[in-house]
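Visitor: Could you have a look at this structure, given as structure tokens, before my questions?
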Amino acid sequence: MTDHYDALEIREPAMREADLFARLPDVLREAMAAPAYAERLKGVDPAGVTSRAALARLPVLRKSDLPALHKAAPPFGGLSQGFLARSDGCSPRPARSSSPSPPMPIPGAARGRCSRRASGRAMSC
């Protein structure tokens, strides 16, 4: 089958790369609106990041850096902007109940024909 989601999926690799690097400066400008990215990318001209070599010169944000960022600027470590940056990081959803759920009935258990393994997952009748 040769159907694709859209024509962008089947472009030549050089065309895809050229398009991605043409859009990268706008992505960097958006990122730099967040305080933590603005600090990390200080001195970077987004318009100049249009090649693999320029991209390789950008500082890397490592997962191991995130806890310190989050602690310094909760809840998102300054990596977000707009509404999320001003919120407490919580979405309105119901709290979990502290009472345990009632056990699920096992079909045929009343007749003594079914058993459940210790894990509670597998059942044989």
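Letters A, B, ... mark the chains of the structure tokens in the order given; residue numbers begin at 1 per chain; ligand numbers begin at 1, in order shown.
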Residues within 9 Å of Ala22 of chain A, please, as a list in words. Count only C-alpha atoms; anything in the same chain fewer than 5 positions from it doesn't count.

Guide: Glu17, Val49 and Thr50 of chain A

Visitor: Could you work out how far atom CA of Asp26 of chain A lies from atom CA of Gly78 of chain A, giving the answer in Å with one decimal?

Guide: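 Taking atom CA of Gly78 of chain A and atom CA of Asp26 of chain A, their separation equals 19.2 Å.
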
Visitor: Just want the 10 Å neighbourhood of Ala33 of chain A, counted on only C-alpha atoms, with same-chain residues fewer than 3 positions away dropped. Output as a ChimeraX atom specification.

Guide: /A:28-30,36-39,78-82

Visitor: By how many Å are atom CA of Met15 of chain A and atom CA of Gly48 of chain A apart?

Guide: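 Interatomic distance here is 19.1 Å.
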